[in-house]
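As stored in work-v6.cif (mmCIF, C-alpha atoms):
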data_work
#
loop_
_atom_site.group_PDB
_atom_site.id
_atom_site.type_symbol
_atom_site.label_atom_id
_atom_site.label_comp_id
_atom_site.auth_asym_id
_atom_site.auth_seq_id
_atom_site.Cartn_x
_atom_site.Cartn_y
_atom_site.Cartn_z
ATOM 1 C CA MET A 5 -5.021 -6.922 -12.571
ATOM 2 C CA ARG A 6 -3.759 -3.392 -11.941
ATOM 3 C CA ILE A 7 -2.822 -2.954 -8.279
ATOM 4 C CA LEU A 8 -1.884 0.258 -6.464
ATOM 5 C CA LEU A 9 0.300 -0.640 -3.482
ATOM 6 C CA PHE A 10 0.990 1.872 -0.716
ATOM 7 C CA GLY A 11 4.039 0.933 1.342
ATOM 8 C CA ALA A 12 5.639 -0.938 -1.539
ATOM 9 C CA THR A 13 9.198 -0.969 -0.168
ATOM 10 C CA GLY A 14 8.482 -2.240 3.349
ATOM 11 C CA MET A 15 9.238 -5.730 4.589
ATOM 12 C CA ILE A 16 5.751 -6.956 3.702
ATOM 13 C CA GLY A 17 4.930 -4.527 0.899
ATOM 14 C CA SER A 18 8.020 -5.406 -1.104
ATOM 15 C CA ARG A 19 7.088 -9.080 -0.992
ATOM 16 C CA ILE A 20 3.520 -8.344 -2.049
ATOM 17 C CA ALA A 21 4.881 -6.389 -5.007
ATOM 18 C CA ALA A 22 7.196 -9.255 -5.959
ATOM 19 C CA GLU A 23 4.504 -11.924 -5.599
ATOM 20 C CA ALA A 24 1.943 -9.981 -7.616
ATOM 21 C CA GLY A 25 4.490 -9.132 -10.276
ATOM 22 C CA GLU A 26 5.521 -12.777 -10.612
ATOM 23 C CA ARG A 27 1.902 -13.646 -11.315
ATOM 24 C CA GLY A 28 1.696 -11.131 -14.118
ATOM 25 C CA HIS A 29 -0.175 -8.365 -12.314
ATOM 26 C CA GLU A 30 0.738 -4.736 -12.914
ATOM 27 C CA VAL A 31 1.815 -3.154 -9.629
ATOM 28 C CA THR A 32 2.092 0.584 -9.078
ATOM 29 C CA GLY A 33 4.232 1.073 -5.980
ATOM 30 C CA ALA A 34 3.794 4.184 -3.857
ATOM 31 C CA THR A 35 5.778 5.318 -0.816
ATOM 32 C CA ARG A 36 6.105 8.530 1.151
ATOM 33 C CA SER A 37 9.730 8.930 0.018
ATOM 34 C CA GLY A 38 9.356 7.825 -3.585
ATOM 35 C CA LYS A 39 12.484 5.680 -3.314
ATOM 36 C CA ASP A 40 13.402 2.576 -5.308
ATOM 37 C CA GLY A 41 11.335 3.538 -8.330
ATOM 38 C CA THR A 42 8.068 4.078 -6.448
ATOM 39 C CA LEU A 43 5.792 7.066 -6.748
ATOM 40 C CA ALA A 44 6.119 9.635 -3.972
ATOM 41 C CA ALA A 45 2.725 9.848 -2.297
ATOM 42 C CA ASP A 46 1.115 10.714 1.004
ATOM 43 C CA ALA A 47 -1.586 8.086 1.546
ATOM 44 C CA SER A 48 -3.401 10.365 3.992
ATOM 45 C CA ASP A 49 -4.119 12.809 1.153
ATOM 46 C CA ALA A 50 -7.374 11.689 -0.459
ATOM 47 C CA ASP A 51 -6.748 13.749 -3.597
ATOM 48 C CA THR A 52 -3.414 12.014 -4.141
ATOM 49 C CA VAL A 53 -4.917 8.591 -3.502
ATOM 50 C CA ALA A 54 -7.759 9.270 -5.936
ATOM 51 C CA ARG A 55 -5.361 10.443 -8.636
ATOM 52 C CA LEU A 56 -3.076 7.429 -8.300
ATOM 53 C CA ALA A 57 -5.855 4.870 -7.867
ATOM 54 C CA ALA A 58 -7.723 5.912 -11.009
ATOM 55 C CA GLY A 59 -7.686 3.084 -13.537
ATOM 56 C CA HIS A 60 -6.603 0.437 -11.029
ATOM 57 C CA ASP A 61 -8.573 -2.668 -10.098
ATOM 58 C CA ALA A 62 -7.504 -2.801 -6.465
ATOM 59 C CA VAL A 63 -5.633 -0.867 -3.788
ATOM 60 C CA VAL A 64 -3.434 -2.516 -1.163
ATOM 61 C CA LEU A 65 -2.538 -0.569 1.979
ATOM 62 C CA ALA A 66 0.705 -1.838 3.537
ATOM 63 C CA VAL A 67 1.714 1.215 5.556
ATOM 64 C CA SER A 68 3.123 0.735 9.051
ATOM 65 C CA PRO A 69 2.311 3.142 11.895
ATOM 66 C CA PRO A 70 5.060 4.990 13.780
ATOM 67 C CA ARG A 71 6.675 2.884 16.470
ATOM 68 C CA GLY A 72 6.004 5.070 19.489
ATOM 69 C CA GLY A 73 3.710 7.587 21.098
ATOM 70 C CA ILE A 74 0.016 8.283 20.925
ATOM 71 C CA GLU A 75 0.556 9.815 17.495
ATOM 72 C CA ALA A 76 0.881 6.304 16.050
ATOM 73 C CA THR A 77 -2.877 5.774 16.099
ATOM 74 C CA GLU A 78 -3.816 9.152 14.684
ATOM 75 C CA SER A 79 -1.122 8.888 12.002
ATOM 76 C CA LEU A 80 -2.420 5.531 10.776
ATOM 77 C CA LEU A 81 -6.044 6.658 11.013
ATOM 78 C CA GLU A 82 -5.228 9.662 8.823
ATOM 79 C CA VAL A 83 -3.852 7.247 6.247
ATOM 80 C CA GLY A 84 -6.928 5.046 6.554
ATOM 81 C CA ARG A 85 -9.294 7.971 6.056
ATOM 82 C CA GLY A 86 -7.306 9.255 3.092
ATOM 83 C CA VAL A 87 -7.311 5.856 1.401
ATOM 84 C CA LEU A 88 -11.025 5.205 1.999
ATOM 85 C CA ASP A 89 -11.965 8.610 0.618
ATOM 86 C CA GLY A 90 -9.495 8.391 -2.260
ATOM 87 C CA VAL A 91 -10.511 4.961 -3.534
ATOM 88 C CA ARG A 92 -14.148 6.040 -3.531
ATOM 89 C CA ARG A 93 -13.339 9.127 -5.595
ATOM 90 C CA ALA A 94 -11.381 6.936 -8.020
ATOM 91 C CA GLY A 95 -14.233 4.441 -8.332
ATOM 92 C CA VAL A 96 -12.106 1.558 -7.035
ATOM 93 C CA ARG A 97 -14.078 -0.884 -4.891
ATOM 94 C CA ARG A 98 -11.451 -3.477 -3.933
ATOM 95 C CA LEU A 99 -9.248 -2.655 -0.929
ATOM 96 C CA VAL A 100 -6.953 -5.011 0.990
ATOM 97 C CA VAL A 101 -5.337 -3.793 4.198
ATOM 98 C CA VAL A 102 -2.175 -5.330 5.628
ATOM 99 C CA GLY A 103 -3.251 -5.553 9.243
ATOM 100 C CA GLY A 104 -1.790 -6.506 12.582
ATOM 101 C CA ALA A 105 -2.212 -9.358 15.033
ATOM 102 C CA GLY A 106 -3.297 -7.199 17.971
ATOM 103 C CA ILE A 107 -6.996 -7.484 17.127
ATOM 104 C CA LEU A 108 -6.902 -11.301 17.234
ATOM 105 C CA GLU A 109 -8.194 -13.225 20.234
ATOM 106 C CA VAL A 110 -6.001 -15.560 22.271
ATOM 107 C CA SER A 111 -9.094 -16.746 24.169
ATOM 108 C CA PRO A 112 -12.765 -15.769 23.906
ATOM 109 C CA GLY A 113 -13.010 -12.010 24.359
ATOM 110 C CA VAL A 114 -9.294 -11.531 25.096
ATOM 111 C CA ARG A 115 -7.320 -9.903 22.284
ATOM 112 C CA VAL A 116 -3.566 -10.081 21.795
ATOM 113 C CA VAL A 117 -3.290 -6.363 22.579
ATOM 114 C CA ASP A 118 -5.087 -6.881 25.907
ATOM 115 C CA THR A 119 -3.026 -9.779 27.224
ATOM 116 C CA PRO A 120 -1.254 -9.214 30.571
ATOM 117 C CA GLY A 121 2.415 -8.456 30.169
ATOM 118 C CA PHE A 122 2.178 -7.272 26.568
ATOM 119 C CA PRO A 123 5.351 -5.193 26.014
ATOM 120 C CA GLU A 124 4.579 -1.545 26.727
ATOM 121 C CA ASP A 125 6.889 -0.230 24.010
ATOM 122 C CA ALA A 126 5.087 -2.335 21.389
ATOM 123 C CA LEU A 127 1.609 -1.091 22.262
ATOM 124 C CA PRO A 128 1.400 2.137 20.163
ATOM 125 C CA PRO A 129 1.693 0.517 16.704
ATOM 126 C CA VAL A 130 -0.437 -2.456 17.770
ATOM 127 C CA ARG A 131 -3.209 -0.195 19.055
ATOM 128 C CA ALA A 132 -2.939 1.830 15.853
ATOM 129 C CA GLN A 133 -3.596 -1.283 13.762
ATOM 130 C CA VAL A 134 -6.600 -2.166 15.923
ATOM 131 C CA ALA A 135 -7.972 1.347 15.371
ATOM 132 C CA LEU A 136 -7.424 1.030 11.615
ATOM 133 C CA PHE A 137 -9.399 -2.203 11.521
ATOM 134 C CA GLU A 138 -12.261 -0.564 13.404
ATOM 135 C CA LEU A 139 -12.204 2.414 11.031
ATOM 136 C CA VAL A 140 -12.473 0.190 7.966
ATOM 137 C CA ARG A 141 -15.046 -2.136 9.537
ATOM 138 C CA ASP A 142 -17.307 0.749 10.535
ATOM 139 C CA ASN A 143 -16.920 2.972 7.471
ATOM 140 C CA ALA A 144 -16.413 0.853 4.357
ATOM 141 C CA ASP A 145 -19.621 -1.091 3.777
ATOM 142 C CA ASP A 146 -19.696 0.269 0.235
ATOM 143 C CA LEU A 147 -16.277 -1.205 -0.553
ATOM 144 C CA GLU A 148 -15.077 -4.779 -1.041
ATOM 145 C CA TRP A 149 -12.482 -4.636 1.714
ATOM 146 C CA THR A 150 -10.404 -7.289 3.436
ATOM 147 C CA TYR A 151 -8.275 -6.720 6.535
ATOM 148 C CA LEU A 152 -5.578 -9.405 6.448
ATOM 149 C CA SER A 153 -4.054 -10.092 9.874
ATOM 150 C CA PRO A 154 -0.720 -11.870 10.156
ATOM 151 C CA PRO A 155 0.103 -14.106 13.152
ATOM 152 C CA ALA A 156 2.104 -13.000 16.192
ATOM 153 C CA VAL A 157 5.386 -13.330 14.298
ATOM 154 C CA ILE A 158 5.993 -12.444 10.648
ATOM 155 C CA THR A 159 9.553 -12.315 9.365
ATOM 156 C CA PRO A 160 11.429 -12.661 6.072
ATOM 157 C CA GLY A 161 11.814 -16.301 5.171
ATOM 158 C CA GLU A 162 10.915 -18.958 2.641
ATOM 159 C CA ARG A 163 8.046 -18.969 0.160
ATOM 160 C CA THR A 164 6.331 -22.340 0.576
ATOM 161 C CA GLY A 165 2.942 -21.366 -0.840
ATOM 162 C CA THR A 166 1.194 -22.891 2.168
ATOM 163 C CA TYR A 167 -0.837 -21.205 4.899
ATOM 164 C CA ARG A 168 -4.058 -21.519 6.869
ATOM 165 C CA THR A 169 -6.840 -18.966 7.149
ATOM 166 C CA GLY A 170 -8.992 -18.129 10.137
ATOM 167 C CA ASP A 171 -10.956 -15.250 11.564
ATOM 168 C CA HIS A 172 -10.602 -13.523 14.940
ATOM 169 C CA ARG A 173 -8.839 -16.377 16.799
ATOM 170 C CA LEU A 174 -5.034 -16.361 16.781
ATOM 171 C CA LEU A 175 -3.730 -19.427 14.931
ATOM 172 C CA SER A 176 -0.677 -21.403 16.016
ATOM 173 C CA ASP A 177 1.057 -24.544 14.803
ATOM 174 C CA GLY A 178 1.428 -27.874 16.578
ATOM 175 C CA GLU A 179 4.237 -26.487 18.717
ATOM 176 C CA GLY A 180 2.274 -23.451 19.808
ATOM 177 C CA ASN A 181 4.056 -21.019 17.497
ATOM 178 C CA SER A 182 2.008 -18.340 15.750
ATOM 179 C CA HIS A 183 4.063 -17.365 12.742
ATOM 180 C CA ILE A 184 4.377 -17.041 8.975
ATOM 181 C CA SER A 185 7.035 -15.846 6.554
ATOM 182 C CA ALA A 186 6.463 -12.504 4.879
ATOM 183 C CA GLU A 187 6.712 -14.369 1.577
ATOM 184 C CA ASP A 188 3.801 -16.691 2.399
ATOM 185 C CA TYR A 189 1.764 -13.811 3.814
ATOM 186 C CA ALA A 190 2.199 -12.174 0.403
ATOM 187 C CA VAL A 191 1.034 -15.386 -1.272
ATOM 188 C CA ALA A 192 -2.124 -15.336 0.848
ATOM 189 C CA LEU A 193 -2.794 -11.678 0.121
ATOM 190 C CA VAL A 194 -2.407 -12.001 -3.643
ATOM 191 C CA ASP A 195 -4.520 -15.173 -3.582
ATOM 192 C CA GLU A 196 -7.313 -13.181 -1.959
ATOM 193 C CA LEU A 197 -6.900 -10.322 -4.424
ATOM 194 C CA GLN A 198 -7.385 -12.791 -7.259
ATOM 195 C CA ARG A 199 -10.273 -14.728 -5.707
ATOM 196 C CA GLY A 200 -12.128 -11.910 -3.967
ATOM 197 C CA GLU A 201 -13.973 -14.399 -1.764
ATOM 198 C CA LEU A 202 -13.287 -13.022 1.738
ATOM 199 C CA THR A 203 -14.617 -9.492 1.631
ATOM 200 C CA ARG A 204 -15.962 -7.113 4.275
ATOM 201 C CA ARG A 205 -14.257 -9.039 7.037
ATOM 202 C CA LEU A 206 -11.067 -9.672 8.947
ATOM 203 C CA VAL A 207 -9.071 -12.638 7.674
ATOM 204 C CA HIS A 208 -6.194 -14.169 9.637
ATOM 205 C CA VAL A 209 -3.410 -16.131 7.934
ATOM 206 C CA ALA A 210 -0.716 -18.249 9.590
ATOM 207 C CA TYR A 211 1.020 -21.604 9.362
#
Could you quickly redo this structure as structure tokens?
Amino acid sequence: MRILLFGATGMIGSRIAAEAGERGHEVTGATRSGKDGTLAADASDADTVARLAAGHDAVVLAVSPPRGGIEATESLLEVGRGVLDGVRRAGVRRLVVVGGAGILEVSPGVRVVDTPGFPEDALPPVRAQVALFELVRDNADDLEWTYLSPPAVITPGERTGTYRTGDHRLLSDGEGNSHISAEDYAVALVDELQRGELTRRLVHVAY
């Protein structure tokens, strides 16, 4: 499989690139800076996305929003619009988005982002990820998209190859921890790329 990966040098993106490469897939890494052997690309530019995506089987979007300010949402939405338009122009139908946990529900109708006491300084990027999910959900019926939400905590760690999948309800382990290693998140994402079973929906992965 030929995979175009935006955000290929980030904490999650780099592990997706490694996991896919280990399985024999051809990964084209793209970043805004073009560092570490990646292609320099602005994912909000549909022309650039279309040019790079041509000839690929799938596109993975692993771009993080800015950390602060209301510009976080608009910045990530610009990327989302550019990628949706670009993959269509390139004739690529498969899109997997590295999402956030903010959209997940901690109880019926109560999302992580809406919980009382949620840290104010963490809200801009979390709200941006929620907006990105809504953009894809409402505007990509013609594509085979998957929005893959991690749990509350995702950090570098060990690759065990194990994980659980869910939908909109936040998953936690027997001790009440909602977490996964970035390595096992990458396993889950590449598994879904290969299987293509969970399309046009949000998918949540956690231990």
What's around Met15 of chain A at 10 Å? Count all atoms listed in the file, leave out sequence neighbours fewer than 5 positions away in its own chain, and write the answer as an NGL selection string. :A and (20 or 66 or 68 or 158-160 or 186-187)
Restricting the calculation to only C-alpha atoms, which member of A:Glu78, A:Asp177, A:Glu30, A:Glu109 is positioned closest to Val63 of chain A?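 Of A:Glu78, A:Asp177, A:Glu30, A:Glu109, the one nearest Val63 of chain A is A:Glu30, counting only C-alpha atoms.
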Answer key for the PyMOL selection byres ((chain A and resi 96-102) around 10), residues as a ChimeraX atom specification: /A:7-11,16-17,54,57-68,84,87-88,90-95,103-104,133,136-137,140,144,146-154,189-190,193-194,196-197,200,203-204,206
Neighbouring residues of segment 127-130 of chain A were defined as those with any atom within 9 Å, considering only C-alpha atoms; residues of the same chain fewer than 5 positions away were excluded. Please report them as a VMD selection string. chain A and resid 68 to 77 80 104 to 107 117 122 135
Which neighbours of Gly28 of chain A fall inside 12 Å, counting all atoms listed in the file, when residues of the same chain fewer than 5 positions from it are skipped, and could you give them as a list of chain:residue names?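 Residues meeting the cut-off are A:Met5, A:Arg6, A:Ile7, A:Ala21, A:Ala22, A:Glu23, A:Val194, A:Gln198.
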Just the number, please: distance in Å from atom CA of Arg163 of chain A to atom CA of Val191 of chain A, one decimal.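 Between these atoms lies a distance of 8.0 Å.
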Atom-to-atom span, atom CA of His172 of chain A and atom CA of Val207 of chain A, Å: 7.5 Å
Test item: residues at most 10 Å from Thr42 of chain A, all atoms listed in the file, excluding those fewer than 5 positions along its chain, as a VMD selection string: chain A and resid 9 to 13 32 to 37
Closest to Glu179 of chain A among A:Val116, A:Ala192, A:Arg205, A:Tyr211, using all atoms listed in the file?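 Checking each of A:Val116, A:Ala192, A:Arg205, A:Tyr211 against Glu179 of chain A, counting all atoms listed in the file, the winner is A:Tyr211.
Between atom CA of Arg199 of chain A and atom CA of Arg168 of chain A lies a distance of 15.6 Å.
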Spatial sel., origin (7.5, -21.4, 1.0), limit 9 Å, all atoms listed in the file, listed as a list of chain:residue names: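 The answer, in the requested form, is A:Gly161, A:Glu162, A:Arg163, A:Thr164, A:Gly165, A:Thr166, A:Ser185, A:Glu187, A:Asp188.
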Could the centre and edge lengths of an axis-aligned box, enclosing all atoms of segment 12-17 of chain A in the file with 6 Å extra on each side, be given in Å to one decimal as AutoDock Vina command-line options?
--center_x 7.1 --center_y -3.9 --center_z 1.5 --size_x 16.3 --size_y 18.0 --size_z 18.1
Apply the PyMOL selection byres ((chain A and resi 182) around 8) to the displayed file and report the matching residues as a ChimeraX atom specification. /A:155-157,174-177,180-181,183-184,210-211
Restricting the calculation to all atoms listed in the file: of A:Leu108, A:Asp142, A:Gly113, A:Glu124, which residue gets closest to Val209 of chain A?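 Closest candidate: A:Leu108.
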Residue with smallest distance to Gly170 of chain A - pool A:Leu56, A:Ser111, A:Asp195, A:His208, counting only C-alpha atoms: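 For Gly170 of chain A, the nearest of the given residues is A:His208.
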Taking into account only C-alpha atoms, which residue in the set A:Val110, A:Asp171, A:Gly121, A:Gly86 is nearest to Leu139 of chain A?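 That would be A:Gly86, the residue with the smallest distance to Leu139 of chain A.
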